[in-house]
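Participant: Pasting structure-v4.txt below, which is compact mmCIF, C-alpha atoms and all ligand atoms.
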# COMPACT_ATOMS: atom_id res chain seq x y z
CA MET A 1 83.82 -83.21 -155.49
CA LYS A 2 83.00 -83.39 -151.82
CA THR A 3 86.02 -82.29 -149.80
CA VAL A 4 87.95 -79.19 -150.80
CA LEU A 5 91.26 -78.11 -149.31
CA VAL A 6 91.65 -74.32 -149.53
CA THR A 7 94.99 -72.67 -148.81
CA GLY A 8 95.15 -68.96 -147.95
CA ALA A 9 91.61 -69.57 -146.67
CA GLY A 10 91.66 -66.68 -144.19
CA GLY A 11 92.49 -64.11 -146.88
CA TYR A 12 90.41 -61.60 -148.86
CA ILE A 13 89.19 -64.17 -151.41
CA GLY A 14 89.38 -67.20 -149.10
CA SER A 15 87.10 -65.74 -146.44
CA VAL A 16 84.40 -65.25 -149.11
CA LEU A 17 85.05 -68.59 -150.81
CA VAL A 18 84.99 -70.81 -147.71
CA PRO A 19 81.43 -69.92 -146.55
CA LYS A 20 80.24 -70.23 -150.16
CA LEU A 21 81.66 -73.76 -150.39
CA LEU A 22 80.10 -74.67 -147.03
CA ASP A 23 76.72 -73.32 -148.20
CA LYS A 24 76.99 -75.57 -151.24
CA GLY A 25 77.49 -78.59 -148.99
CA TYR A 26 81.23 -79.17 -149.36
CA GLN A 27 83.48 -80.28 -146.54
CA VAL A 28 86.25 -77.68 -146.35
CA ILE A 29 89.78 -77.96 -144.99
CA ALA A 30 91.03 -74.40 -144.54
CA ILE A 31 94.80 -73.97 -144.30
CA ASP A 32 96.36 -70.61 -143.51
CA ARG A 33 98.97 -69.00 -141.26
CA PHE A 34 96.22 -66.48 -140.52
CA PHE A 35 98.40 -63.41 -140.84
CA PHE A 36 95.13 -61.44 -140.78
CA GLY A 37 93.68 -63.23 -137.76
CA MET A 38 91.63 -66.38 -137.21
CA ASP A 39 88.33 -64.50 -136.83
CA LYS A 40 87.66 -64.17 -140.57
CA LEU A 41 86.16 -67.66 -140.85
CA GLN A 42 83.05 -68.61 -138.84
CA SER A 43 83.09 -72.09 -137.34
CA HIS A 44 80.94 -74.67 -139.13
CA GLU A 45 80.40 -78.40 -138.67
CA ASN A 46 81.88 -79.11 -142.12
CA LEU A 47 84.89 -76.82 -141.70
CA THR A 48 88.29 -77.98 -140.46
CA VAL A 49 90.70 -75.15 -139.79
CA ILE A 50 94.44 -75.88 -139.84
CA LYS A 51 96.90 -73.19 -138.81
CA GLU A 52 99.91 -74.01 -140.91
CA ASP A 53 102.48 -72.49 -143.22
CA THR A 54 102.04 -73.94 -146.70
CA ARG A 55 105.83 -74.16 -146.98
CA ARG A 56 105.48 -76.91 -144.36
CA ILE A 57 102.26 -78.49 -145.65
CA LYS A 58 101.87 -82.11 -144.51
CA GLU A 59 100.62 -85.09 -146.48
CA GLU A 60 98.13 -85.95 -143.73
CA TYR A 61 96.10 -82.79 -144.58
CA PHE A 62 95.21 -84.31 -147.96
CA ALA A 63 93.38 -87.36 -146.53
CA GLY A 64 89.99 -87.65 -148.27
CA VAL A 65 90.54 -84.45 -150.28
CA ASP A 66 88.93 -84.32 -153.75
CA ALA A 67 90.09 -80.88 -154.84
CA VAL A 68 92.53 -78.13 -153.88
CA ILE A 69 92.04 -74.39 -154.37
CA ASP A 70 95.51 -72.94 -153.76
CA LEU A 71 94.89 -69.30 -152.86
CA VAL A 72 97.94 -68.88 -150.68
CA ALA A 73 100.20 -65.96 -151.60
CA ILE A 74 102.00 -62.82 -150.66
CA SER A 75 99.29 -61.14 -152.59
CA ASN A 76 100.37 -57.92 -154.26
CA ASP A 77 103.19 -56.19 -156.12
CA PRO A 78 104.54 -53.95 -153.35
CA SER A 79 104.62 -56.79 -150.78
CA GLY A 80 106.33 -59.03 -153.35
CA GLU A 81 109.17 -56.52 -153.74
CA VAL A 82 109.69 -56.10 -149.97
CA PHE A 83 109.36 -59.83 -149.18
CA HIS A 84 111.03 -60.98 -152.37
CA GLU A 85 112.34 -64.42 -151.32
CA ALA A 86 109.25 -65.34 -149.32
CA THR A 87 107.11 -64.47 -152.34
CA TYR A 88 108.96 -67.01 -154.49
CA GLU A 89 108.86 -69.57 -151.68
CA ILE A 90 105.13 -69.18 -151.05
CA ASN A 91 103.58 -68.14 -154.37
CA HIS A 92 105.76 -70.38 -156.53
CA LEU A 93 107.45 -73.20 -154.62
CA SER A 94 104.84 -73.94 -151.96
CA ARG A 95 102.11 -74.08 -154.60
CA VAL A 96 104.12 -76.41 -156.86
CA ASN A 97 104.76 -78.62 -153.82
CA THR A 98 101.07 -78.59 -152.83
CA ALA A 99 100.00 -79.48 -156.38
CA SER A 100 102.60 -82.27 -156.57
CA ILE A 101 101.56 -83.78 -153.24
CA ALA A 102 97.91 -83.54 -154.25
CA LYS A 103 98.60 -85.41 -157.47
CA ARG A 104 100.71 -88.07 -155.79
CA LEU A 105 98.03 -88.70 -153.16
CA GLY A 106 95.22 -89.08 -155.69
CA VAL A 107 93.46 -85.71 -155.34
CA LYS A 108 91.41 -85.31 -158.52
CA ARG A 109 91.43 -81.58 -159.14
CA TYR A 110 93.70 -78.60 -158.49
CA ILE A 111 92.79 -74.93 -159.12
CA LEU A 112 95.54 -72.28 -159.21
CA PRO A 113 94.19 -68.76 -158.69
CA SER A 114 96.81 -66.77 -160.60
CA SER A 115 96.65 -63.16 -161.78
CA CYS A 116 96.21 -61.08 -164.95
CA SER A 117 99.17 -59.06 -163.68
CA ILE A 118 101.39 -61.57 -165.47
CA TYR A 119 100.42 -59.76 -168.70
CA GLY A 120 102.21 -56.68 -167.35
CA PHE A 121 102.63 -53.85 -169.81
CA GLN A 122 101.00 -54.34 -173.20
CA GLU A 123 101.05 -52.03 -176.21
CA THR A 124 98.09 -49.65 -176.53
CA GLY A 125 95.21 -51.30 -178.34
CA VAL A 126 96.28 -54.88 -177.55
CA VAL A 127 93.65 -57.00 -175.83
CA VAL A 128 95.30 -60.07 -174.33
CA ASN A 129 93.78 -63.52 -174.39
CA GLU A 130 95.19 -66.65 -172.76
CA GLN A 131 97.56 -67.28 -175.69
CA ALA A 132 99.18 -63.84 -175.46
CA THR A 133 102.85 -63.54 -174.62
CA THR A 134 103.08 -62.77 -170.94
CA ASN A 135 105.18 -59.93 -169.61
CA PRO A 136 105.46 -60.27 -165.83
CA LEU A 137 107.16 -57.16 -164.48
CA THR A 138 107.17 -57.67 -160.72
CA THR A 139 108.29 -60.37 -158.28
CA TYR A 140 104.63 -61.12 -157.56
CA ALA A 141 103.78 -61.54 -161.25
CA LYS A 142 106.95 -63.54 -161.98
CA ALA A 143 106.28 -65.93 -159.08
CA ASN A 144 102.73 -66.47 -160.35
CA GLU A 145 104.00 -67.25 -163.81
CA LYS A 146 106.56 -69.73 -162.47
CA ALA A 147 103.79 -71.48 -160.53
CA GLU A 148 101.67 -71.68 -163.70
CA LEU A 149 104.56 -73.06 -165.77
CA ASP A 150 105.42 -75.76 -163.23
CA ILE A 151 101.87 -76.77 -162.33
CA LEU A 152 100.15 -76.97 -165.71
CA PRO A 153 102.30 -79.90 -166.94
CA LEU A 154 101.07 -81.95 -163.95
CA ALA A 155 97.66 -82.20 -165.66
CA ASP A 156 96.78 -85.69 -166.88
CA ALA A 157 93.77 -87.95 -167.12
CA ASP A 158 93.76 -88.56 -163.35
CA PHE A 159 94.70 -85.06 -162.21
CA THR A 160 92.83 -82.02 -163.49
CA ALA A 161 94.89 -78.85 -163.15
CA VAL A 162 93.39 -75.51 -164.16
CA ILE A 163 94.58 -71.92 -163.90
CA MET A 164 92.50 -68.81 -163.29
CA ARG A 165 94.16 -65.54 -164.23
CA GLN A 166 92.10 -63.23 -162.09
CA ALA A 167 91.58 -59.57 -162.79
CA THR A 168 91.97 -57.13 -159.89
CA VAL A 169 89.32 -58.11 -157.40
CA PHE A 170 86.89 -55.77 -155.63
CA GLY A 171 83.98 -55.96 -153.21
CA TYR A 172 83.32 -56.71 -149.58
CA SER A 173 85.18 -59.46 -147.74
CA PRO A 174 85.54 -60.25 -144.01
CA ARG A 175 89.33 -59.85 -144.55
CA MET A 176 88.92 -56.51 -146.27
CA ARG A 177 91.58 -55.12 -148.58
CA PHE A 178 91.59 -51.36 -149.21
CA ASP A 179 94.80 -51.73 -151.23
CA LEU A 180 92.75 -52.87 -154.22
CA ALA A 181 91.71 -50.21 -156.77
CA ILE A 182 87.91 -50.01 -156.43
CA ASN A 183 87.93 -50.70 -152.70
CA GLY A 184 90.57 -48.02 -152.06
CA MET A 185 88.90 -45.44 -154.28
CA THR A 186 85.56 -45.99 -152.55
CA TYR A 187 87.17 -45.63 -149.14
CA GLY A 188 88.82 -42.35 -150.20
CA ALA A 189 85.51 -41.06 -151.53
CA TRP A 190 83.71 -41.97 -148.31
CA GLU A 191 86.34 -40.66 -145.89
CA THR A 192 87.46 -37.46 -147.59
CA GLY A 193 85.19 -36.92 -150.59
CA VAL A 194 88.28 -37.29 -152.78
CA ILE A 195 89.40 -40.15 -155.02
CA PRO A 196 93.18 -40.04 -155.44
CA LEU A 197 93.98 -41.14 -159.00
CA MET A 198 97.34 -41.85 -160.59
CA ARG A 199 97.92 -39.89 -163.80
CA ASP A 200 96.86 -39.92 -166.50
CA GLY A 201 93.82 -42.11 -166.02
CA SER A 202 93.96 -43.68 -169.48
CA GLN A 203 95.61 -46.90 -168.14
CA TRP A 204 93.47 -50.02 -168.66
CA ARG A 205 92.84 -52.51 -165.87
CA PRO A 206 90.52 -55.52 -165.77
CA MET A 207 88.32 -55.97 -162.69
CA VAL A 208 86.25 -58.74 -161.11
CA HIS A 209 84.01 -58.82 -158.05
CA VAL A 210 85.05 -61.19 -155.24
CA GLN A 211 81.65 -62.93 -155.45
CA ASP A 212 82.16 -63.46 -159.19
CA THR A 213 85.68 -64.89 -158.95
CA THR A 214 84.64 -67.24 -156.11
CA ASP A 215 81.66 -68.34 -158.25
CA VAL A 216 84.17 -69.31 -160.95
CA MET A 217 86.11 -71.39 -158.41
CA CYS A 218 82.89 -73.26 -157.58
CA ILE A 219 82.16 -73.80 -161.29
CA LEU A 220 85.68 -75.16 -161.85
CA LEU A 221 85.19 -77.69 -159.05
CA GLU A 222 82.33 -79.29 -160.97
CA ALA A 223 83.08 -78.50 -164.63
CA ASP A 224 83.64 -81.35 -167.11
CA GLN A 225 87.26 -82.40 -166.99
CA GLU A 226 87.69 -82.17 -170.78
CA LYS A 227 86.62 -78.52 -170.79
CA ILE A 228 89.13 -77.32 -168.22
CA ASN A 229 92.01 -79.75 -167.79
CA GLY A 230 95.37 -78.14 -168.53
CA GLN A 231 93.60 -74.88 -169.41
CA ILE A 232 94.15 -71.24 -168.47
CA PHE A 233 91.13 -68.94 -168.08
CA ASN A 234 91.19 -65.18 -167.78
CA VAL A 235 88.62 -64.32 -165.11
CA GLY A 236 87.13 -60.84 -165.12
CA SER A 237 84.11 -58.82 -166.00
CA HIS A 238 85.09 -55.43 -167.37
CA ASN A 239 88.19 -53.59 -168.47
CA TYR A 240 88.19 -50.03 -167.20
CA GLN A 241 90.42 -47.07 -167.86
CA LEU A 242 91.23 -45.82 -164.38
CA GLY A 243 89.82 -42.36 -165.10
CA GLN A 244 86.57 -43.92 -166.29
CA LEU A 245 86.55 -46.21 -163.25
CA ALA A 246 86.82 -43.24 -160.89
CA GLU A 247 83.96 -41.51 -162.77
CA GLU A 248 81.78 -44.62 -162.33
CA ILE A 249 82.48 -44.65 -158.61
CA VAL A 250 81.68 -40.93 -158.36
CA LYS A 251 78.35 -41.55 -160.12
CA ALA A 252 77.51 -44.61 -157.98
CA LEU A 253 77.87 -42.88 -154.61
CA PRO A 254 75.20 -40.67 -153.02
CA ILE A 255 77.74 -38.00 -152.00
CA GLU A 256 79.78 -35.30 -153.71
CA VAL A 257 83.15 -36.73 -154.72
CA ASN A 258 86.11 -35.12 -156.50
CA ILE A 259 89.03 -36.72 -158.28
CA GLU A 260 92.53 -35.63 -157.27
CA TRP A 261 95.36 -36.54 -159.62
CA TYR A 262 98.79 -37.55 -158.34
CA GLY A 263 102.14 -38.95 -159.54
CA ASP A 264 103.73 -39.25 -162.94
CA ALA A 265 101.93 -41.00 -165.75
CA ASP A 266 101.56 -44.71 -164.95
CA HIS A 267 102.48 -46.73 -168.02
CA ARG A 268 101.30 -50.11 -166.73
CA SER A 269 98.27 -50.82 -168.80
CA TYR A 270 96.61 -54.03 -169.94
CA LYS A 271 93.25 -54.88 -171.39
CA VAL A 272 92.13 -58.50 -171.08
CA ASN A 273 89.85 -60.64 -173.19
CA PHE A 274 87.36 -62.83 -171.27
CA ASP A 275 85.75 -64.65 -174.21
CA LYS A 276 87.20 -68.07 -173.37
CA ILE A 277 85.59 -68.43 -169.95
CA GLU A 278 82.30 -67.03 -171.27
CA SER A 279 82.15 -69.45 -174.20
CA THR A 280 83.60 -72.54 -172.47
CA LEU A 281 81.91 -72.33 -169.10
CA HIS A 282 78.99 -70.02 -170.00
CA TRP A 283 79.98 -67.82 -167.11
CA ARG A 284 79.32 -64.12 -167.03
CA ALA A 285 80.15 -61.76 -164.19
CA LYS A 286 77.17 -60.47 -162.23
CA TYR A 287 78.69 -57.35 -160.67
CA THR A 288 80.02 -54.04 -162.00
CA ALA A 289 82.42 -51.58 -160.39
CA ALA A 290 79.43 -49.42 -159.43
CA ASP A 291 77.85 -52.38 -157.60
CA GLY A 292 81.09 -52.92 -155.69
CA ALA A 293 81.45 -49.23 -154.79
CA LYS A 294 77.87 -49.06 -153.48
CA GLU A 295 78.32 -52.25 -151.46
CA ILE A 296 81.53 -50.98 -149.83
CA TYR A 297 80.07 -47.53 -149.21
CA ASP A 298 77.05 -49.08 -147.44
CA ALA A 299 79.33 -51.29 -145.33
CA LEU A 300 81.37 -48.21 -144.35
CA ILE A 301 78.41 -46.07 -143.35
CA THR A 302 76.84 -48.85 -141.27
CA GLY A 303 80.16 -49.58 -139.54
CA LYS A 304 80.32 -53.14 -140.93
CA LEU A 305 83.67 -52.16 -142.43
CA THR A 306 86.48 -50.11 -140.96
CA LYS A 307 89.94 -49.40 -142.27
CA ASP A 308 92.88 -50.48 -140.14
CA ASP A 309 96.46 -51.54 -140.89
CA GLN A 310 95.33 -55.10 -141.63
CA THR A 311 93.37 -53.88 -144.65
CA ILE A 312 96.55 -52.67 -146.36
CA THR A 313 98.50 -55.86 -147.02
CA LEU A 314 102.04 -54.47 -147.18
CA LYS A 315 101.51 -52.16 -144.19
CA TRP A 316 100.34 -55.13 -142.12
CA TYR A 317 103.20 -57.42 -143.16
CA GLU A 318 105.70 -54.66 -142.32
CA GLU A 319 104.03 -54.15 -138.92
CA LEU A 320 104.22 -57.90 -138.21
CA ALA A 321 107.91 -58.01 -139.18
CA LYS A 322 108.66 -54.95 -137.01
CA TRP A 323 106.83 -56.29 -133.95
CA HIS A 324 108.29 -59.76 -134.37
CA LYS A 325 111.75 -58.23 -133.97
CA ILE A 326 110.70 -56.05 -131.01
CA ILE A 327 109.03 -58.96 -129.22
CA LYS A 328 111.87 -61.42 -129.88
CA GLU A 329 114.35 -59.00 -128.31
CA ARG A 330 112.23 -58.59 -125.17
CA GLU A 331 110.55 -61.94 -124.63
CA MET A 332 111.81 -64.09 -121.73
CA TYR A 333 110.44 -67.37 -120.41
CA GLY A 334 107.60 -67.37 -122.96
CA GLY A 335 106.22 -63.93 -122.03
CA ILE A 336 106.99 -60.24 -121.58
CA ILE A 337 105.38 -58.47 -118.61
CA MET A 338 102.66 -61.03 -118.08
CA GLY A 339 102.66 -64.71 -118.98
CA ILE A 340 105.87 -65.72 -117.21
CA SER A 341 105.26 -68.84 -115.20
CA SER A 342 107.00 -68.94 -111.86
N1 LIG B 1 92.84 -59.84 -154.63
C1 LIG B 1 93.13 -59.66 -155.91
O1 LIG B 1 92.86 -58.61 -156.52
C2 LIG B 1 93.78 -60.77 -156.69
C3 LIG B 1 93.90 -60.62 -158.07
C4 LIG B 1 94.52 -61.62 -158.80
C5 LIG B 1 94.99 -62.76 -158.15
N2 LIG B 1 94.87 -62.87 -156.80
C6 LIG B 1 95.40 -64.07 -156.14
O2 LIG B 1 94.39 -64.68 -155.36
C7 LIG B 1 94.99 -65.26 -154.20
C8 LIG B 1 94.33 -64.75 -152.93
O3 LIG B 1 94.45 -63.33 -152.88
P1 LIG B 1 93.84 -62.50 -151.67
O4 LIG B 1 93.48 -61.17 -152.22
O5 LIG B 1 92.82 -63.32 -150.97
O6 LIG B 1 95.14 -62.32 -150.75
P2 LIG B 1 95.26 -62.23 -149.15
O7 LIG B 1 96.59 -61.64 -148.87
O8 LIG B 1 94.07 -61.58 -148.57
O9 LIG B 1 95.24 -63.76 -148.72
C9 LIG B 1 96.35 -64.59 -148.71
C10 LIG B 1 96.25 -65.51 -147.50
O10 LIG B 1 97.38 -66.38 -147.53
C11 LIG B 1 97.88 -66.50 -146.20
N3 LIG B 1 99.29 -66.84 -146.26
C12 LIG B 1 100.31 -66.11 -146.79
N4 LIG B 1 101.46 -66.80 -146.72
C13 LIG B 1 101.16 -67.99 -146.15
C14 LIG B 1 101.92 -69.16 -145.87
N5 LIG B 1 103.22 -69.23 -146.13
N6 LIG B 1 101.29 -70.22 -145.32
C15 LIG B 1 99.96 -70.18 -145.05
N7 LIG B 1 99.18 -69.10 -145.30
C16 LIG B 1 99.79 -68.03 -145.85
C17 LIG B 1 97.62 -65.16 -145.53
O11 LIG B 1 97.56 -65.31 -144.13
C18 LIG B 1 96.30 -64.76 -146.18
O12 LIG B 1 95.21 -65.17 -145.37
C19 LIG B 1 96.47 -64.94 -154.26
O13 LIG B 1 97.12 -66.03 -154.85
C20 LIG B 1 96.51 -63.74 -155.16
O14 LIG B 1 97.75 -63.65 -155.79
C21 LIG B 1 94.26 -61.91 -156.05
Let me see the file written as structure tokens.
Ligand SMILES: NC(=O)c1ccc[n+]([C@@H]2O[C@H](COP(=O)([O-])OP(=O)(O)OC[C@H]3O[C@@H](n4cnc5c(N)ncnc54)[C@H](O)[C@@H]3O)[C@@H](O)[C@H]2O)c1
Facilitator:
Amino acid sequence: MKTVLVTGAGGYIGSVLVPKLLDKGYQVIAIDRFFFGMDKLQSHENLTVIKEDTRRIKEEYFAGVDAVIDLVAISNDPSGEVFHEATYEINHLSRVNTASIAKRLGVKRYILPSSCSIYGFQETGVVVNEQATTNPLTTYAKANEKAELDILPLADADFTAVIMRQATVFGYSPRMRFDLAINGMTYGAWETGVIPLMRDGSQWRPMVHVQDTTDVMCILLEADQEKINGQIFNVGSHNYQLGQLAEEIVKALPIEVNIEWYGDADHRSYKVNFDKIESTLHWRAKYTAADGAKEIYDALITGKLTKDDQTITLKWYEELAKWHKIIKEREMYGGIIMGISS
């Protein structure tokens, strides 16, 4: 595998993955609409950046491509509910189209970064493996499942298709997301000394560090075809009860932090089994929640990280939609106050 096409390359996971691939010597074609700005990827001699909507992906982008990592998505539950149709178009249909074009044009490998959220609610005590019955509860989770169901059958001897069901990701990224559990809790602890926690704290959630999940993507690029083709892998390190997770963050930080409970009891709870990836690919996560909390805390105190609207995915998409309308109503001759050619 020499040339990798990455969609959603300017996102939270993509902006960690792309430099990692470049460090490993890959040529990378990074495709994104760059909703979060084009400054998240540093230029590099082996990096080609294409500003494009994956719903309009063109065959010419696949020239010389050996593998695709299809990260593109409206990437969380709340955004999926607000931008319902776009979520199906992007997370489901555009990814099926990208995988189909890749196969038709002779790309050898396709990796779909899906989500453990497709397990949805599970009975207490159940630990789900890849064979478990899924229970997608949200538009985001349903679109991911549809993508999985349509893409997996494309796998054959000439086209390796593999699915990663990622746990909730945490850790530092150039396109930071504070709408993810560990990242958001750490920010709250740093800013106010309080971690807001949804009752009753016994809900289970699997977690994985962004460096760990991007390591898995690199492993899947090179893994033996017979080990991964047509397979689904749960990708995560630990399952945490949210109360326990908050306690770990409190312990990891060098400041006094309190937990503040809010809301009604949250019944969404799922515990995920990661044996398959550990036994098949001999992969084990390197980072714990405490490592992630310390890393984010350090980045906050040194000013490497700040929280703005772009770090809360839904807030940013709503801002973009609002300003698009405002600007469209006022724009004339290609500009507003400035930028109007005489
Ligand atoms: N972050 C997590 O906790 C997590 C967990 C499980 C699965 N995932 C999956 O991993 C993938 C990446 O997640 P992320 O956290 O990096 O999300 P993100 O929102 O940070 O990144 C998504 C990227 O896709 C781009 N994009 C969106 N629509 C587009 C379109 N139509 N055309 C081109 N580009 C478009 C955005 O500009 C953004 O850069 C997603 O598929 C997500 O569902 C993420």
Participant: For ligand LIG 1 (chain B), return the neighbouring residues as a VMD selection string (distance at most 6 Å; all atoms listed in the file).
Facilitator: chain A and resid 8 to 14 32 to 36 52 to 55 71 to 75 90 113 to 115 166 to 169
Participant: Suppose we keep C-alpha atoms; can you now write the selection as a PDB file, in the coordinates of the input?
Facilitator:
ATOM      1  CA  GLY A   8      95.150 -68.960-147.950  1.00  0.00           C
ATOM      2  CA  ALA A   9      91.610 -69.570-146.670  1.00  0.00           C
ATOM      3  CA  GLY A  10      91.660 -66.680-144.190  1.00  0.00           C
ATOM      4  CA  GLY A  11      92.490 -64.110-146.880  1.00  0.00           C
ATOM      5  CA  TYR A  12      90.410 -61.600-148.860  1.00  0.00           C
ATOM      6  CA  ILE A  13      89.190 -64.170-151.410  1.00  0.00           C
ATOM      7  CA  GLY A  14      89.380 -67.200-149.100  1.00  0.00           C
ATOM      8  CA  ASP A  32      96.360 -70.610-143.510  1.00  0.00           C
ATOM      9  CA  ARG A  33      98.970 -69.000-141.260  1.00  0.00           C
ATOM     10  CA  PHE A  34      96.220 -66.480-140.520  1.00  0.00           C
ATOM     11  CA  PHE A  35      98.400 -63.410-140.840  1.00  0.00           C
ATOM     12  CA  PHE A  36      95.130 -61.440-140.780  1.00  0.00           C
ATOM     13  CA  GLU A  52      99.910 -74.010-140.910  1.00  0.00           C
ATOM     14  CA  ASP A  53     102.480 -72.490-143.220  1.00  0.00           C
ATOM     15  CA  THR A  54     102.040 -73.940-146.700  1.00  0.00           C
ATOM     16  CA  ARG A  55     105.830 -74.160-146.980  1.00  0.00           C
ATOM     17  CA  LEU A  71      94.890 -69.300-152.860  1.00  0.00           C
ATOM     18  CA  VAL A  72      97.940 -68.880-150.680  1.00  0.00           C
ATOM     19  CA  ALA A  73     100.200 -65.960-151.600  1.00  0.00           C
ATOM     20  CA  ILE A  74     102.000 -62.820-150.660  1.00  0.00           C
ATOM     21  CA  SER A  75      99.290 -61.140-152.590  1.00  0.00           C
ATOM     22  CA  ILE A  90     105.130 -69.180-151.050  1.00  0.00           C
ATOM     23  CA  PRO A 113      94.190 -68.760-158.690  1.00  0.00           C
ATOM     24  CA  SER A 114      96.810 -66.770-160.600  1.00  0.00           C
ATOM     25  CA  SER A 115      96.650 -63.160-161.780  1.00  0.00           C
ATOM     26  CA  GLN A 166      92.100 -63.230-162.090  1.00  0.00           C
ATOM     27  CA  ALA A 167      91.580 -59.570-162.790  1.00  0.00           C
ATOM     28  CA  THR A 168      91.970 -57.130-159.890  1.00  0.00           C
ATOM     29  CA  VAL A 169      89.320 -58.110-157.400  1.00  0.00           C
TER      30      VAL A 169
END
Participant: Out of A:Leu21, A:Ile219, A:Ala67, A:Val128, which residue has the shortest atom-to-atom distance to Trp283 (chain A) when counting all atoms listed in the file?
Facilitator: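 Comparing A:Leu21, A:Ile219, A:Ala67, A:Val128 against Trp283 (chain A), the winner is A:Ile219.
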Participant: Quick one, how far is CA of His92 (chain A) from CA of Asp309 (chain A)?
Facilitator: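 Separation of CA of His92 (chain A) and CA of Asp309 (chain A): 26.2 Å.
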Participant: Under the rule that only C-alpha atoms are counted, which of A:Thr7, A:Arg330, A:Ala161, A:Tyr172 is the nearest residue to Leu149 (chain A)?
Facilitator: A:Ala161
Participant: Any idea what the distance is between CA of Ile249 (chain A) and CA of Lys40 (chain A)?
Facilitator: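 Computing it gives 27.1 Å between the two atoms.
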Participant: Contacts of region 181-183 of chain A at 12 Å or less, counting only C-alpha atoms, minus same-chain residues fewer than 4 places along, as a VMD selection string?
Facilitator: chain A and resid 12 76 167 to 173 176 to 177 187 to 190 195 to 198 205 to 210 240 to 250 252 288 to 297 299 to 300 305 to 307 311 to 312
Participant: So what do you get for CA of Asp77 (chain A) versus CA of Lys142 (chain A), distance-wise?
Facilitator: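 Atom-to-atom, CA of Asp77 (chain A) and CA of Lys142 (chain A) are spaced 10.1 Å apart.
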Participant: Please provide the set of residues having any atom within 12 Å of Lys227 (chain A), restricted to all atoms listed in the file, with same-chain residues fewer than 4 positions apart removed, written as a compact mmCIF listing (two decimals) with C-alpha atoms, in the coordinates of the input.
Facilitator:
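Contents of the output file result-v5.txt:
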# COMPACT_ATOMS: atom_id res chain seq x y z
CA THR A 160 92.83 -82.02 -163.49
CA ALA A 161 94.89 -78.85 -163.15
CA VAL A 162 93.39 -75.51 -164.16
CA ILE A 219 82.16 -73.80 -161.29
CA LEU A 220 85.68 -75.16 -161.85
CA LEU A 221 85.19 -77.69 -159.05
CA GLU A 222 82.33 -79.29 -160.97
CA ALA A 223 83.08 -78.50 -164.63
CA GLN A 231 93.60 -74.88 -169.41
CA ILE A 232 94.15 -71.24 -168.47
CA PHE A 233 91.13 -68.94 -168.08
CA LYS A 276 87.20 -68.07 -173.37
CA ILE A 277 85.59 -68.43 -169.95
CA SER A 279 82.15 -69.45 -174.20
CA THR A 280 83.60 -72.54 -172.47
CA LEU A 281 81.91 -72.33 -169.10
CA HIS A 282 78.99 -70.02 -170.00
Participant: Show which residues sit within 8 Å of Phe62 (chain A), as a VMD selection string. Count only C-alpha atoms, and ignore same-chain residues fewer than 6 positions away.
Facilitator: chain A and resid 5 102 105 107
Participant: At a cut-off of 10 Å, using all atoms listed in the file, what residues contact Leu154 (chain A)? Leave out same-chain residues fewer than 6 positions from it and give the result as a PDB file with C-alpha atoms, keeping the file's coordinate frame.
Facilitator:
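Saved the output as part_22.pdb:
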ATOM      1  CA  VAL A  96     104.120 -76.410-156.860  1.00  0.00           C
ATOM      2  CA  ALA A  99     100.000 -79.480-156.380  1.00  0.00           C
ATOM      3  CA  SER A 100     102.600 -82.270-156.570  1.00  0.00           C
ATOM      4  CA  LYS A 103      98.600 -85.410-157.470  1.00  0.00           C
ATOM      5  CA  TYR A 110      93.700 -78.600-158.490  1.00  0.00           C
ATOM      6  CA  THR A 160      92.830 -82.020-163.490  1.00  0.00           C
ATOM      7  CA  ALA A 161      94.890 -78.850-163.150  1.00  0.00           C
ATOM      8  CA  GLY A 230      95.370 -78.140-168.530  1.00  0.00           C
TER       9      GLY A 230
END
